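Undergrad: For reference, the structure I am asking about is given below.
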Amino acid sequence: MIQTVLGKIKPEEFGVCAVHEHLSIDLSRIKKDPDTILDDEEGMLEELNDFYRLGGRSMVEVTNDGMGRDVNRLKRLSEKSGVHIVTCTGFYKDPFIPYYAAEWDSEQFARHFIREAKEGIDGTGILPGVIGEVGSSKDEMKPIEKELLIGAAIAGKETGLPVTTHTTLGTLGFEQVELLTSHGLPAEQIIIGHQDLNPNKDEVLAVLETGVFIDFDTIGKNNYRPDEERVDFLLDFIVRGYEKQILLSADLTRKSHWKKHGGPGYGLVLEHFVPRLRTAGVPEEVIHLFLVSNPARAFTIKE
């Protein structure tokens, strides 16, 4: 089963999924930029309705405590839009970890995640369906981030929840896998984020070879890497037989990313990237894997 903010659903009900998104976020404490505050609920509903119109049926919302998580809002949005929304337990990375958890060790992180997974988030009774996005800094895993990832591994092993990560500009993906698996988390419960931001194909292949899922989840952010390069990487990964480990999303974190403000919106992958894949010759059954089958497997809670 997959845990959504409205309850558990069967994997076959999940449908086309955006696996790494934000509907409620506030990074302004660190970034000092009001564009990084998503607080327009009516606007969010418009964007979700557009996502649904384009064929989207589910979304994994990875805004955790310290990033502006609001699970009651997610519940309202899911009820009104018809989009299945999965919320998370977790903390992001340094310096976004809340002050009260800034000196925790792995056991404290694990206990917190397990408690939210079993009792619900902030007294709402709403259960998380994933642990994440838990992350590391660019080319560096700080001590608190190591404790955070170990805590996520411990909690994932106990609860069966998948763990989805943040890698800064795609770095340290393999190191994250090593740390998580060395603390008992099976590869099939691990989703390594932002791997489309890493221009080093060999490093991404090393992550895939471990058997984990990877996110190509900053699609459309051509200021980091052009989508043509993302397509080229995916074509190579398909040839190598890794098509069952790949997930797609756009990771929208700013008001300016929304359609109403001139951005591409949450349907970016469906409206713009999937046609690129088709033009490049990616078979429909592989596109279905990326959008439907792989997310359903990745977010099914392991018993």
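Naming scheme: A, B, ... for chains in displayed order of the structure tokens; residues 1 onward per chain; ligands 1 onward as shown.
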Identify, on the basis of only C-alpha atoms, every residue whose closest approach to region 129-143 of chain A does not exceed 9 Å; exclude the query and any residue fewer than 3 positions from it along the same chain; express the result as an MDAnalysis selection string.

TA: chainID A and resid 2:5 8 20 60 62:64 86:94 113 117 146:149 152 155:156 161:172 175:176 193 299:301

Undergrad: Please tabulate, as a Markdown table, the residues of region 9-128 of chain A that come within 9 Å of region 213-219 of chain A, each with its closest pair of atoms and the distance in Å to one decimal, counting only C-alpha atoms and ordering rows by chain, then residue number upward.

TA:
| residue | atom | partner | partner_atom | distance |
| --- | --- | --- | --- | --- |
| A:Ala18 | CA | A:Asp217 | CA | 8.5 |
| A:Val19 | CA | A:Asp217 | CA | 7.6 |
| A:His20 | CA | A:Asp217 | CA | 6.3 |
| A:Glu21 | CA | A:Asp217 | CA | 8.4 |

Undergrad: Kindly save the residues from that selection, with N, CA and C atoms included, as a PDB file, in the first residue's frame.

TA:
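Listed below is the output, out_37.pdb:
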ATOM      1  N   ALA A  18       4.336  12.734 -10.032  1.00  0.00           N
ATOM      2  CA  ALA A  18       5.481  13.637  -9.889  1.00  0.00           C
ATOM      3  C   ALA A  18       6.110  13.330  -8.539  1.00  0.00           C
ATOM      4  N   VAL A  19       7.332  12.812  -8.545  1.00  0.00           N
ATOM      5  CA  VAL A  19       7.864  12.136  -7.358  1.00  0.00           C
ATOM      6  C   VAL A  19       8.616  13.031  -6.384  1.00  0.00           C
ATOM      7  N   HIS A  20       8.866  14.296  -6.762  1.00  0.00           N
ATOM      8  CA  HIS A  20       9.662  15.161  -5.882  1.00  0.00           C
ATOM      9  C   HIS A  20       9.230  16.604  -6.100  1.00  0.00           C
ATOM     10  N   GLU A  21       8.203  17.029  -5.332  1.00  0.00           N
ATOM     11  CA  GLU A  21       7.641  18.368  -5.531  1.00  0.00           C
ATOM     12  C   GLU A  21       7.396  19.068  -4.194  1.00  0.00           C
TER      13      GLU A  21
END

Undergrad: Report the distance between CA of Asn198 (chain A) and CA of Gln245 (chain A) in Å, rounded to one decimal place.

TA: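 Separation of CA of Asn198 (chain A) and CA of Gln245 (chain A): 16.6 Å.
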
Undergrad: For Ser28 (chain A), which residue among A:Ile238, A:Lys201, A:Gly66, A:Val16 is the nearest when counting only C-alpha atoms?

TA: A:Gly66

Undergrad: Fewer than 5 positions away in the same chain doesn't count, so skip those; otherwise give me all residues within 10 Å of Ile121 (chain A), counting only C-alpha atoms, as number ranges by chain.

TA: A: 65, 69-72, 87-89, 113, 115-116, 126-128

Undergrad: Since we have the selection now, will you write its residues out, keeping N, CA and C atoms, as a PDB file, in the first residue's frame?

TA:
ATOM      1  N   ASP A  65       9.746  19.274   7.989  1.00  0.00           N
ATOM      2  CA  ASP A  65       9.814  20.214   9.107  1.00  0.00           C
ATOM      3  C   ASP A  65      11.101  21.033   8.978  1.00  0.00           C
ATOM      4  N   ARG A  69       6.611  22.742   6.066  1.00  0.00           N
ATOM      5  CA  ARG A  69       5.607  21.684   5.914  1.00  0.00           C
ATOM      6  C   ARG A  69       4.262  22.103   6.498  1.00  0.00           C
ATOM      7  N   ASP A  70       3.182  21.810   5.760  1.00  0.00           N
ATOM      8  CA  ASP A  70       1.818  22.116   6.217  1.00  0.00           C
ATOM      9  C   ASP A  70       0.905  20.998   5.722  1.00  0.00           C
ATOM     10  N   VAL A  71       0.770  19.945   6.524  1.00  0.00           N
ATOM     11  CA  VAL A  71       0.050  18.766   6.057  1.00  0.00           C
ATOM     12  C   VAL A  71      -1.453  18.998   5.983  1.00  0.00           C
ATOM     13  N   ASN A  72      -1.983  19.890   6.798  1.00  0.00           N
ATOM     14  CA  ASN A  72      -3.414  20.196   6.684  1.00  0.00           C
ATOM     15  C   ASN A  72      -3.725  20.835   5.333  1.00  0.00           C
ATOM     16  N   THR A  87       2.879  12.873   1.793  1.00  0.00           N
ATOM     17  CA  THR A  87       3.696  13.809   2.560  1.00  0.00           C
ATOM     18  C   THR A  87       4.825  13.058   3.260  1.00  0.00           C
ATOM     19  N   CYS A  88       5.700  13.811   3.915  1.00  0.00           N
ATOM     20  CA  CYS A  88       6.932  13.210   4.417  1.00  0.00           C
ATOM     21  C   CYS A  88       7.174  13.517   5.891  1.00  0.00           C
ATOM     22  N   THR A  89       7.993  12.671   6.496  1.00  0.00           N
ATOM     23  CA  THR A  89       8.667  13.005   7.735  1.00  0.00           C
ATOM     24  C   THR A  89      10.133  13.144   7.394  1.00  0.00           C
ATOM     25  N   PHE A 113      11.249  10.249  13.449  1.00  0.00           N
ATOM     26  CA  PHE A 113      10.626   9.811  12.192  1.00  0.00           C
ATOM     27  C   PHE A 113       9.669   8.645  12.430  1.00  0.00           C
ATOM     28  N   ARG A 115       8.071   7.932  15.208  1.00  0.00           N
ATOM     29  CA  ARG A 115       6.888   8.431  15.917  1.00  0.00           C
ATOM     30  C   ARG A 115       5.907   9.089  14.936  1.00  0.00           C
ATOM     31  N   GLU A 116       6.397   9.939  14.040  1.00  0.00           N
ATOM     32  CA  GLU A 116       5.501  10.569  13.072  1.00  0.00           C
ATOM     33  C   GLU A 116       4.890   9.528  12.139  1.00  0.00           C
ATOM     34  N   ILE A 126      -2.371  12.724  10.332  1.00  0.00           N
ATOM     35  CA  ILE A 126      -1.953  12.498   8.944  1.00  0.00           C
ATOM     36  C   ILE A 126      -0.594  11.818   8.951  1.00  0.00           C
ATOM     37  N   LEU A 127      -0.506  10.688   8.260  1.00  0.00           N
ATOM     38  CA  LEU A 127       0.708   9.879   8.272  1.00  0.00           C
ATOM     39  C   LEU A 127       1.578  10.168   7.051  1.00  0.00           C
ATOM     40  N   PRO A 128       2.890  10.172   7.239  1.00  0.00           N
ATOM     41  CA  PRO A 128       3.792  10.332   6.101  1.00  0.00           C
ATOM     42  C   PRO A 128       3.890   9.046   5.295  1.00  0.00           C
TER      43      PRO A 128
END

Undergrad: Could you work out how far CA of Thr181 (chain A) lies from CA of Ser106 (chain A), giving the answer in Å with one decimal?

TA: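 Separation of CA of Ser106 (chain A) and CA of Thr181 (chain A): 14.6 Å.
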
Undergrad: Quick one: distance from CA of Met44 (chain A) to CA of Gly267 (chain A) in Å, one decimal?

TA: 12.6 Å

Undergrad: Where in region 141-217 of chain A does DSSP assign helix (DSSP H, G or I), given as a PyMOL selection string?

TA: chain A and resi 143-159+168-170+173-182+187-189+195-197+201-208

Undergrad: For region 285-290 of chain A, please output as a list in words all residues within 8 Å (counting only C-alpha atoms; exclusion window: fewer than 6 positions along the same chain).

TA: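 Counting only C-alpha atoms, the residues come to Glu243, Lys244, Ile246, Leu247, Leu248, Val274 and Leu277 of chain A.
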
Undergrad: Taking 5 positions as the minimum chain separation for residues in the same chain, which residues sit within 9 Å of Glu12 (chain A) when counting only C-alpha atoms? Answer as a PyMOL selection string.

TA: chain A and resi 292-293+296

Undergrad: Extract the full set of strand (DSSP E or B) residues from region 12-243 of chain A according to DSSP on the backbone, and format it as a PyMOL selection string.

TA: chain A and resi 17-21+25-26+37-38+58-61+84-86+88-89+130-137+140+163-167+190-192+213-216

Undergrad: Considering only C-alpha atoms, can you say which of A:Cys17, A:Leu291, A:Val269, A:Ala110 comes closest to His84 (chain A)?

TA: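 The shortest atom-to-atom distance to His84 (chain A) comes from A:Cys17.
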
Undergrad: Nearest to Asn294 (chain A) among A:Leu48, A:Tyr242, A:Ile114, A:Asp227, with distances taken over only C-alpha atoms: which residue is it?

TA: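 Ranked by minimum distance to Asn294 (chain A), first place goes to A:Tyr242.
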
Undergrad: Which one is closest to Pro295 (chain A): A:Ser249, A:Glu103, A:Phe109, A:Leu270? Count only C-alpha atoms.

TA: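 The shortest atom-to-atom distance to Pro295 (chain A) comes from A:Ser249.
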
Undergrad: Pick the closest to Gln189 (chain A) from A:Val212, A:Leu6, A:Ile30, A:Leu205: which is it, counting only C-alpha atoms?

TA: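 That would be A:Val212, the residue with the smallest distance to Gln189 (chain A).
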
Undergrad: Skipping near chain neighbours, those fewer than 5 positions away, what residues fall within 8 Å of region 38-43 of chain A using only C-alpha atoms, listed as a PDB file with N, CA and C atoms, in the first residue's frame?

TA:
ATOM      1  N   LEU A  23       4.506  21.817  -2.465  1.00  0.00           N
ATOM      2  CA  LEU A  23       3.267  22.598  -2.502  1.00  0.00           C
ATOM      3  C   LEU A  23       3.183  23.561  -1.327  1.00  0.00           C
ATOM      4  N   SER A  24       4.053  23.388  -0.377  1.00  0.00           N
ATOM      5  CA  SER A  24       4.064  24.231   0.818  1.00  0.00           C
ATOM      6  C   SER A  24       5.510  24.345   1.251  1.00  0.00           C
ATOM      7  N   ILE A  25       6.113  25.498   1.004  1.00  0.00           N
ATOM      8  CA  ILE A  25       7.541  25.611   1.304  1.00  0.00           C
ATOM      9  C   ILE A  25       7.859  27.042   1.720  1.00  0.00           C
ATOM     10  N   ASP A  26       8.840  27.168   2.599  1.00  0.00           N
ATOM     11  CA  ASP A  26       9.333  28.483   2.998  1.00  0.00           C
ATOM     12  C   ASP A  26      10.821  28.346   3.312  1.00  0.00           C
ATOM     13  N   ARG A  73      -2.847  21.707   4.879  1.00  0.00           N
ATOM     14  CA  ARG A  73      -3.018  22.292   3.551  1.00  0.00           C
ATOM     15  C   ARG A  73      -2.976  21.208   2.474  1.00  0.00           C
ATOM     16  N   LEU A  77      -5.839  20.354  -0.302  1.00  0.00           N
ATOM     17  CA  LEU A  77      -5.533  20.384  -1.732  1.00  0.00           C
ATOM     18  C   LEU A  77      -5.844  19.046  -2.395  1.00  0.00           C
ATOM     19  N   THR A 253       9.990  24.994  -6.545  1.00  0.00           N
ATOM     20  CA  THR A 253      10.174  25.538  -5.196  1.00  0.00           C
ATOM     21  C   THR A 253       9.929  27.042  -5.122  1.00  0.00           C
ATOM     22  N   ARG A 254       9.511  27.654  -6.227  1.00  0.00           N
ATOM     23  CA  ARG A 254       9.374  29.110  -6.269  1.00  0.00           C
ATOM     24  C   ARG A 254       8.038  29.517  -6.874  1.00  0.00           C
ATOM     25  N   LYS A 255       7.522  30.650  -6.437  1.00  0.00           N
ATOM     26  CA  LYS A 255       6.309  31.191  -7.055  1.00  0.00           C
ATOM     27  C   LYS A 255       6.503  31.365  -8.554  1.00  0.00           C
ATOM     28  N   LYS A 260       0.790  30.551 -13.332  1.00  0.00           N
ATOM     29  CA  LYS A 260       0.137  31.850 -13.141  1.00  0.00           C
ATOM     30  C   LYS A 260       1.144  32.990 -13.028  1.00  0.00           C
TER      31      LYS A 260
END

Undergrad: Got a sec: who's within 12 Å of Arg29 (chain A), counting only C-alpha atoms, leaving out chain neighbours fewer than 3 positions off, as a PDB file with C-alpha atoms, in the first residue's frame?

TA:
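Now in result-v6.pdb:
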ATOM      1  CA  ILE A  25       7.541  25.611   1.304  1.00  0.00           C
ATOM      2  CA  ASP A  26       9.333  28.483   2.998  1.00  0.00           C
ATOM      3  CA  LYS A  32      16.253  35.657   2.054  1.00  0.00           C
ATOM      4  CA  ASP A  33      14.051  35.570  -1.043  1.00  0.00           C
ATOM      5  CA  PRO A  34      10.231  35.899  -0.923  1.00  0.00           C
ATOM      6  CA  ASP A  35      10.016  33.922  -4.182  1.00  0.00           C
ATOM      7  CA  THR A  36      10.894  30.825  -2.116  1.00  0.00           C
ATOM      8  CA  ILE A  37       7.673  31.053  -0.076  1.00  0.00           C
ATOM      9  CA  GLY A  66      12.098  23.230   8.802  1.00  0.00           C
ATOM     10  CA  MET A  67      11.119  23.826   5.164  1.00  0.00           C
ATOM     11  CA  GLY A  68       7.538  24.968   5.761  1.00  0.00           C
ATOM     12  CA  PRO A  95      21.507  24.821   7.739  1.00  0.00           C
ATOM     13  CA  PHE A  96      17.774  24.125   7.289  1.00  0.00           C
ATOM     14  CA  ILE A  97      17.447  21.667  10.193  1.00  0.00           C
ATOM     15  CA  PRO A  98      15.304  23.307  12.924  1.00  0.00           C
TER      16      PRO A  98
END

Undergrad: Ranking A:Glu145, A:Phe51, A:Ala206, A:Gln195 by minimum distance to Asp105 (chain A) and counting only C-alpha atoms, which one comes first?

TA: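 Comparing A:Glu145, A:Phe51, A:Ala206, A:Gln195 against Asp105 (chain A), the winner is A:Glu145.
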